[in-house]
Amino acid sequence: MEWKPVQLDVSYPPDLILTNNLDVDPDFADNFARCARWCADGSSFLIQCENRAFQLFNFLDIQGTQFSANHKCTFSQSSAVVNFAWYPGASSNNPPAYCFAASVRDCPVKLLDASDGRLRASYPIIDHRERFIAPHSLAFNLTANKLYCGFEDAIEIFDIQQPGEGDRLPTTPSKKSKDGLKGIISSIAFSSSYDYYAIGSLTPSSQAMDNIALYSESNQAAIMPIGGAYSHSGVTQLKFNPTKPHILYAAFRRHDAIYAWDLRSDTSVPVKVFRTSPDSRKTLTNQKIEFDIDYAGRWLSVGDQNGRVSMFDLGDSDELDSQQSSVISSQNIAPKMAFDAHGDVVGCVAFQPLRSNLLSASGSRHFDEGIGEGDFNDSDGDSTDQESDSESQNMIAVSKRRPLPYVKDSSLKLWSFDPTRTVQHA
């Protein structure tokens, strides 16, 4: 039986079919989801949480009419979670492959079993002071036998079958060199059909230096730089189109646009620029916002700081024809449809692999202005002055108390873009 990708109907806003919340942490009341990703068969999704933990949810779909997402377990970590990546082909129905790689601060890279959270293997990255480095980016190659980990000025490549130290691939010849890709490697993305992968750096780009490069997996060497975005920001995410492996997309920090390059042509200029808002000068959140592309390579979805989710049509918008090949300019693309999804920053969206559904997660740290002012501990009485006279030189008066952040909306929502849905919309 031939597999066909699911179809999405974005002619009108989607139906909200499921709303859920994170499992309550009594020691961390204002917890929220940093990132949410489906496993390969869509039977479960994993949440990276603010409270140094992962939460696993099982997804049940009964004949496409009844949906449920039940919290299965929580995997607490010893320190802050930096990033994670599902093992390719991970499925709850295939226990050997049901695992994920996790980057935790001051710890080796961990390969954790998704069924119970036990440690299967560890892959240490050690710096010159013999400290563990937590990589900012994780990615498995297409054959799922190598794990690529990006950190400052280098990539560590591990053999999954042989835990232990890996092979280090410098992205710049030296600290003082102006060649190569400098800074923290924040994103790694593999093309689905070719022997290359893209890496991005958190170092802001400029006219003299790009912060995205294409590498060959077989030669482990840089092929060419990719630039022209002029966002003057660090790369936060890279992703290839699943059905058009020559198209690369990139998102940048504090930037509301997503750029697309056609690797068959001049990579110094983006082909398209997808903007969620015509006003690109508005104040943006420092929080990382992840976009996603459906498995058919037709739709790109991304959230924003206002709680909205935008849908972009990739059907024919990111291809470069013969007439455009000589034009050194980028075309701005507006969303095909946008809808209000949450009451807070939408930090992540993820398409369900086998259904016409989209998962969105919201949450962000907020601080009220004017809160956090403390009072001075004044001593008015004579007796108090006499008692504290001998200790006055050793006391430290705290005049300001650090405000505690709070979360407006930390919900998880599942949206249906099924073309057969019959809900009427005005």
# chains A, B, ... in the order shown; residues from 1 in each chain; ligands from 1
>>> residues_around(residues="A:Arg105", least_positions_apart="3", cutoff="7 Å", atoms="only C-alpha atoms", output="number ranges by chain")
A: 79-82, 134
>>> write_last_selection(atoms="C-alpha atoms", output="PDB file, in the first residue's frame")
ATOM      1  CA  SER A  79      20.271  20.655  35.799  1.00  0.00           C
ATOM      2  CA  ALA A  80      18.721  22.848  33.131  1.00  0.00           C
ATOM      3  CA  VAL A  81      17.745  21.094  29.905  1.00  0.00           C
ATOM      4  CA  VAL A  82      19.365  22.671  26.841  1.00  0.00           C
ATOM      5  CA  ALA A 134      26.186  20.627  27.106  1.00  0.00           C
TER       6      ALA A 134
END
>>> residues_around(residues="stretch 294-307 of chain A", least_positions_apart="4", cutoff="7 Å", atoms="only C-alpha atoms", output="ChimeraX atom specification")
/A:5,241-243,284-285,289-290,311-315,340-349,351,353
>>> select_by_dssp(residues="stretch 165-253 of chain A", states="strand (DSSP E or B)", output="NGL selection string")
:A and (167-170 or 184-190 or 196-201 or 212-216 or 221-226 or 235-240 or 247-252)
>>> residues_around(residues="A:Gln237", least_positions_apart="3", cutoff="10 Å", atoms="only C-alpha atoms", output="PyMOL selection string")
chain A and resi 137+186-189+199-202+234+249-253+258+288-292
>>> write_last_selection(atoms="all heavy atoms", output="short mmCIF file (atom, residue, chain, number, x, y, z; two decimals), in the first residue's frame")
data_model
loop_
_atom_site.label_atom_id
_atom_site.label_comp_id
_atom_site.auth_asym_id
_atom_site.auth_seq_id
_atom_site.Cartn_x
_atom_site.Cartn_y
_atom_site.Cartn_z
N SER A 137 22.82 22.14 20.25
CA SER A 137 22.06 21.52 19.16
C SER A 137 22.39 20.04 19.09
O SER A 137 23.54 19.63 19.32
CB SER A 137 22.38 22.21 17.83
OG SER A 137 23.78 22.22 17.59
N SER A 186 24.18 26.55 17.08
CA SER A 186 22.87 26.49 17.72
C SER A 186 21.88 25.58 17.01
O SER A 186 20.84 25.24 17.58
CB SER A 186 22.28 27.90 17.80
OG SER A 186 22.23 28.49 16.50
N SER A 187 22.17 25.18 15.77
CA SER A 187 21.23 24.34 15.04
C SER A 187 21.97 23.50 14.02
O SER A 187 22.92 23.97 13.38
CB SER A 187 20.16 25.20 14.35
OG SER A 187 19.20 24.39 13.70
N ILE A 188 21.52 22.23 13.87
CA ILE A 188 22.04 21.31 12.87
C ILE A 188 20.85 20.65 12.18
O ILE A 188 19.94 20.18 12.85
CB ILE A 188 22.94 20.24 13.51
CG1 ILE A 188 24.10 20.88 14.29
CG2 ILE A 188 23.49 19.29 12.45
CD1 ILE A 188 24.95 19.89 15.04
N ALA A 189 20.85 20.63 10.87
CA ALA A 189 19.74 20.04 10.11
C ALA A 189 20.30 19.23 8.96
O ALA A 189 21.17 19.70 8.22
CB ALA A 189 18.80 21.12 9.60
N ILE A 199 24.52 23.87 9.25
CA ILE A 199 24.73 24.27 10.64
C ILE A 199 24.59 25.78 10.73
O ILE A 199 24.88 26.51 9.78
CB ILE A 199 26.11 23.81 11.18
CG1 ILE A 199 27.24 24.49 10.40
CG2 ILE A 199 26.25 22.31 11.11
CD1 ILE A 199 28.62 24.21 10.98
N GLY A 200 24.13 26.25 11.90
CA GLY A 200 23.96 27.67 12.13
C GLY A 200 24.56 28.08 13.45
O GLY A 200 24.65 27.28 14.38
N SER A 201 24.98 29.34 13.53
CA SER A 201 25.66 29.85 14.72
C SER A 201 24.83 30.96 15.37
O SER A 201 24.09 31.68 14.69
CB SER A 201 27.04 30.38 14.35
OG SER A 201 27.62 31.09 15.43
N LEU A 202 25.00 31.11 16.68
CA LEU A 202 24.34 32.19 17.41
C LEU A 202 25.04 33.52 17.22
O LEU A 202 24.51 34.56 17.62
CB LEU A 202 24.28 31.86 18.91
CG LEU A 202 23.15 30.92 19.36
CD1 LEU A 202 23.22 30.69 20.86
CD2 LEU A 202 21.78 31.46 18.99
N GLY A 234 21.44 35.90 15.68
CA GLY A 234 21.92 34.53 15.69
C GLY A 234 20.86 33.56 15.20
O GLY A 234 19.65 33.79 15.34
N TYR A 249 15.36 26.31 5.32
CA TYR A 249 14.69 27.40 6.04
C TYR A 249 15.48 27.71 7.31
O TYR A 249 16.08 26.82 7.92
CB TYR A 249 13.26 27.02 6.41
CG TYR A 249 12.40 26.61 5.22
CD1 TYR A 249 12.36 25.28 4.81
CD2 TYR A 249 11.66 27.54 4.53
CE1 TYR A 249 11.59 24.91 3.72
CE2 TYR A 249 10.89 27.18 3.43
CZ TYR A 249 10.85 25.85 3.05
OH TYR A 249 10.10 25.48 1.98
N ALA A 250 15.45 28.98 7.71
CA ALA A 250 16.18 29.41 8.91
C ALA A 250 15.38 30.45 9.67
O ALA A 250 14.74 31.34 9.06
CB ALA A 250 17.55 29.97 8.53
N ALA A 251 15.41 30.33 11.00
CA ALA A 251 14.82 31.33 11.89
C ALA A 251 15.93 31.94 12.73
O ALA A 251 16.93 31.27 13.05
CB ALA A 251 13.76 30.69 12.79
N PHE A 252 15.73 33.20 13.12
CA PHE A 252 16.76 33.94 13.82
C PHE A 252 16.21 34.50 15.13
O PHE A 252 15.00 34.69 15.30
CB PHE A 252 17.29 35.09 12.96
CG PHE A 252 17.97 34.64 11.70
CD1 PHE A 252 17.23 34.36 10.56
CD2 PHE A 252 19.34 34.48 11.66
CE1 PHE A 252 17.86 33.95 9.40
CE2 PHE A 252 19.97 34.06 10.50
CZ PHE A 252 19.24 33.80 9.37
N ARG A 253 17.12 34.77 16.04
CA ARG A 253 16.75 35.28 17.36
C ARG A 253 16.21 36.71 17.24
O ARG A 253 16.75 37.54 16.52
CB ARG A 253 17.98 35.25 18.28
CG ARG A 253 17.73 35.75 19.69
CD ARG A 253 19.00 35.63 20.54
NE ARG A 253 18.78 36.16 21.87
CZ ARG A 253 19.02 37.41 22.21
NH1 ARG A 253 19.48 38.26 21.30
NH2 ARG A 253 18.81 37.83 23.44
N ILE A 258 11.15 34.20 8.60
CA ILE A 258 11.81 32.93 8.30
C ILE A 258 12.31 33.01 6.85
O ILE A 258 11.55 33.34 5.94
CB ILE A 258 10.85 31.75 8.48
CG1 ILE A 258 10.39 31.66 9.95
CG2 ILE A 258 11.50 30.43 8.07
CD1 ILE A 258 9.34 30.63 10.20
N LYS A 288 13.15 31.57 22.42
CA LYS A 288 13.28 30.85 21.16
C LYS A 288 11.90 30.37 20.70
O LYS A 288 11.17 29.73 21.46
CB LYS A 288 14.22 29.67 21.34
CG LYS A 288 14.41 28.81 20.10
CD LYS A 288 15.33 27.65 20.39
CE LYS A 288 15.50 26.76 19.17
NZ LYS A 288 16.41 25.61 19.45
N ILE A 289 11.56 30.68 19.45
CA ILE A 289 10.28 30.27 18.87
C ILE A 289 10.57 29.34 17.71
O ILE A 289 11.24 29.73 16.75
CB ILE A 289 9.45 31.49 18.42
CG1 ILE A 289 9.09 32.36 19.63
CG2 ILE A 289 8.20 31.05 17.68
CD1 ILE A 289 8.29 33.59 19.28
N GLU A 290 10.08 28.11 17.79
CA GLU A 290 10.37 27.10 16.77
C GLU A 290 9.22 26.99 15.77
O GLU A 290 8.05 27.03 16.14
CB GLU A 290 10.59 25.73 17.43
CG GLU A 290 11.89 25.63 18.21
CD GLU A 290 12.25 24.20 18.54
OE1 GLU A 290 11.48 23.30 18.14
OE2 GLU A 290 13.27 23.99 19.20
N PHE A 291 9.58 26.83 14.50
CA PHE A 291 8.60 26.60 13.45
C PHE A 291 8.64 25.12 13.07
O PHE A 291 9.52 24.36 13.49
CB PHE A 291 8.88 27.50 12.24
CG PHE A 291 10.17 27.18 11.52
CD1 PHE A 291 10.22 26.25 10.49
CD2 PHE A 291 11.34 27.84 11.86
CE1 PHE A 291 11.40 25.97 9.82
CE2 PHE A 291 12.54 27.56 11.20
CZ PHE A 291 12.57 26.63 10.19
N ASP A 292 7.69 24.70 12.24
CA ASP A 292 7.66 23.32 11.77
C ASP A 292 7.08 23.28 10.37
O ASP A 292 6.33 24.18 9.95
CB ASP A 292 6.83 22.45 12.72
CG ASP A 292 7.08 20.96 12.50
OD1 ASP A 292 8.13 20.62 11.91
OD2 ASP A 292 6.23 20.14 12.89
#
>>> atom_distance(atom1="atom CA of A:Ile47", atom2="atom CA of A:Asp368")
26.9 Å
>>> atom_distance(atom1="atom CA of A:Ala53", atom2="atom CA of A:Leu16")
26.9 Å
>>> residues_around(residues="A:Ser92", least_positions_apart="4", cutoff="10 Å", atoms="only C-alpha atoms", output="PyMOL selection string")
chain A and resi 39-44+58+96-99+114-115
>>> write_last_selection(atoms="N, CA, C and O atoms", output="PDB file, in the first residue's frame")
ATOM      1  N   CYS A  39       7.121  11.939  18.308  1.00  0.00           N
ATOM      2  CA  CYS A  39       7.953  10.826  17.862  1.00  0.00           C
ATOM      3  C   CYS A  39       7.560  10.482  16.421  1.00  0.00           C
ATOM      4  O   CYS A  39       6.606  11.041  15.874  1.00  0.00           O
ATOM      5  N   ALA A  40       8.278   9.544  15.804  1.00  0.00           N
ATOM      6  CA  ALA A  40       8.144   9.321  14.369  1.00  0.00           C
ATOM      7  C   ALA A  40       6.746   8.890  13.940  1.00  0.00           C
ATOM      8  O   ALA A  40       6.265   9.285  12.872  1.00  0.00           O
ATOM      9  N   ASP A  41       6.072   8.085  14.743  1.00  0.00           N
ATOM     10  CA  ASP A  41       4.749   7.593  14.348  1.00  0.00           C
ATOM     11  C   ASP A  41       3.610   8.384  14.970  1.00  0.00           C
ATOM     12  O   ASP A  41       2.439   8.035  14.774  1.00  0.00           O
ATOM     13  N   GLY A  42       3.916   9.436  15.708  1.00  0.00           N
ATOM     14  CA  GLY A  42       2.876  10.268  16.290  1.00  0.00           C
ATOM     15  C   GLY A  42       2.125   9.636  17.446  1.00  0.00           C
ATOM     16  O   GLY A  42       1.076  10.146  17.844  1.00  0.00           O
ATOM     17  N   SER A  43       2.644   8.561  18.015  1.00  0.00           N
ATOM     18  CA  SER A  43       1.965   7.910  19.137  1.00  0.00           C
ATOM     19  C   SER A  43       2.185   8.630  20.459  1.00  0.00           C
ATOM     20  O   SER A  43       1.453   8.394  21.423  1.00  0.00           O
ATOM     21  N   SER A  44       3.186   9.509  20.520  1.00  0.00           N
ATOM     22  CA  SER A  44       3.463  10.265  21.746  1.00  0.00           C
ATOM     23  C   SER A  44       4.248  11.516  21.376  1.00  0.00           C
ATOM     24  O   SER A  44       4.833  11.609  20.290  1.00  0.00           O
ATOM     25  N   ASN A  58       1.155  10.401  25.968  1.00  0.00           N
ATOM     26  CA  ASN A  58       0.685   9.421  24.987  1.00  0.00           C
ATOM     27  C   ASN A  58      -0.518   9.996  24.251  1.00  0.00           C
ATOM     28  O   ASN A  58      -1.441  10.539  24.867  1.00  0.00           O
ATOM     29  N   PRO A  96      13.053  -0.958  21.277  1.00  0.00           N
ATOM     30  CA  PRO A  96      14.476  -0.642  21.074  1.00  0.00           C
ATOM     31  C   PRO A  96      14.736   0.753  20.512  1.00  0.00           C
ATOM     32  O   PRO A  96      15.751   1.376  20.823  1.00  0.00           O
ATOM     33  N   ALA A  97      13.839   1.250  19.677  1.00  0.00           N
ATOM     34  CA  ALA A  97      14.034   2.565  19.055  1.00  0.00           C
ATOM     35  C   ALA A  97      13.346   3.688  19.812  1.00  0.00           C
ATOM     36  O   ALA A  97      13.468   4.857  19.422  1.00  0.00           O
ATOM     37  N   TYR A  98      12.654   3.353  20.888  1.00  0.00           N
ATOM     38  CA  TYR A  98      11.880   4.353  21.627  1.00  0.00           C
ATOM     39  C   TYR A  98      12.801   5.055  22.631  1.00  0.00           C
ATOM     40  O   TYR A  98      12.799   4.752  23.825  1.00  0.00           O
ATOM     41  N   CYS A  99      13.573   6.019  22.134  1.00  0.00           N
ATOM     42  CA  CYS A  99      14.521   6.726  22.989  1.00  0.00           C
ATOM     43  C   CYS A  99      14.796   8.098  22.386  1.00  0.00           C
ATOM     44  O   CYS A  99      14.404   8.400  21.254  1.00  0.00           O
ATOM     45  N   ALA A 114      12.624   6.327  26.421  1.00  0.00           N
ATOM     46  CA  ALA A 114      11.402   7.116  26.534  1.00  0.00           C
ATOM     47  C   ALA A 114      10.300   6.402  27.300  1.00  0.00           C
ATOM     48  O   ALA A 114       9.309   7.036  27.674  1.00  0.00           O
ATOM     49  N   SER A 115      10.447   5.111  27.545  1.00  0.00           N
ATOM     50  CA  SER A 115       9.406   4.393  28.266  1.00  0.00           C
ATOM     51  C   SER A 115       9.496   4.608  29.776  1.00  0.00           C
ATOM     52  O   SER A 115       8.477   4.698  30.453  1.00  0.00           O
TER      53      SER A 115
END
>>> closest_residue(among="A:Asp179, A:Asp266, A:Glu165, A:Asp116", to="A:Ala222", atoms="only C-alpha atoms")
A:Asp179
>>> residues_around(residues="A:Ser330", least_positions_apart="2", cutoff="7 Å", atoms="only C-alpha atoms", output="PyMOL selection string")
chain A and resi 270-273+332
>>> write_last_selection(atoms="N, CA, C and O atoms", output="tab-separated table (two decimals), in the first residue's frame")
chain	number	residue	atom	x	y	z
A	270	PRO	N	18.55	34.92	-0.08
A	270	PRO	CA	17.38	34.05	0.14
A	270	PRO	C	16.39	34.14	-1.01
A	270	PRO	O	16.26	35.18	-1.66
A	271	VAL	N	15.71	33.03	-1.25
A	271	VAL	CA	14.70	33.02	-2.30
A	271	VAL	C	13.42	33.71	-1.82
A	271	VAL	O	12.86	34.55	-2.52
A	272	LYS	N	12.99	33.35	-0.63
A	272	LYS	CA	11.76	33.90	-0.07
A	272	LYS	C	12.00	34.29	1.38
A	272	LYS	O	12.87	33.75	2.07
A	273	VAL	N	11.17	35.22	1.85
A	273	VAL	CA	11.17	35.64	3.25
A	273	VAL	C	9.73	35.58	3.74
A	273	VAL	O	8.86	36.27	3.21
A	332	ASN	N	8.89	38.78	-0.30
A	332	ASN	CA	8.23	38.64	0.99
A	332	ASN	C	6.92	37.89	0.82
A	332	ASN	O	6.12	38.19	-0.07
>>> residues_around(residues="A:Arg34", least_positions_apart="2", cutoff="8 Å", atoms="only C-alpha atoms", output="VMD selection string")
chain A and resid 32 36 47 to 50 347 to 348 361 to 363
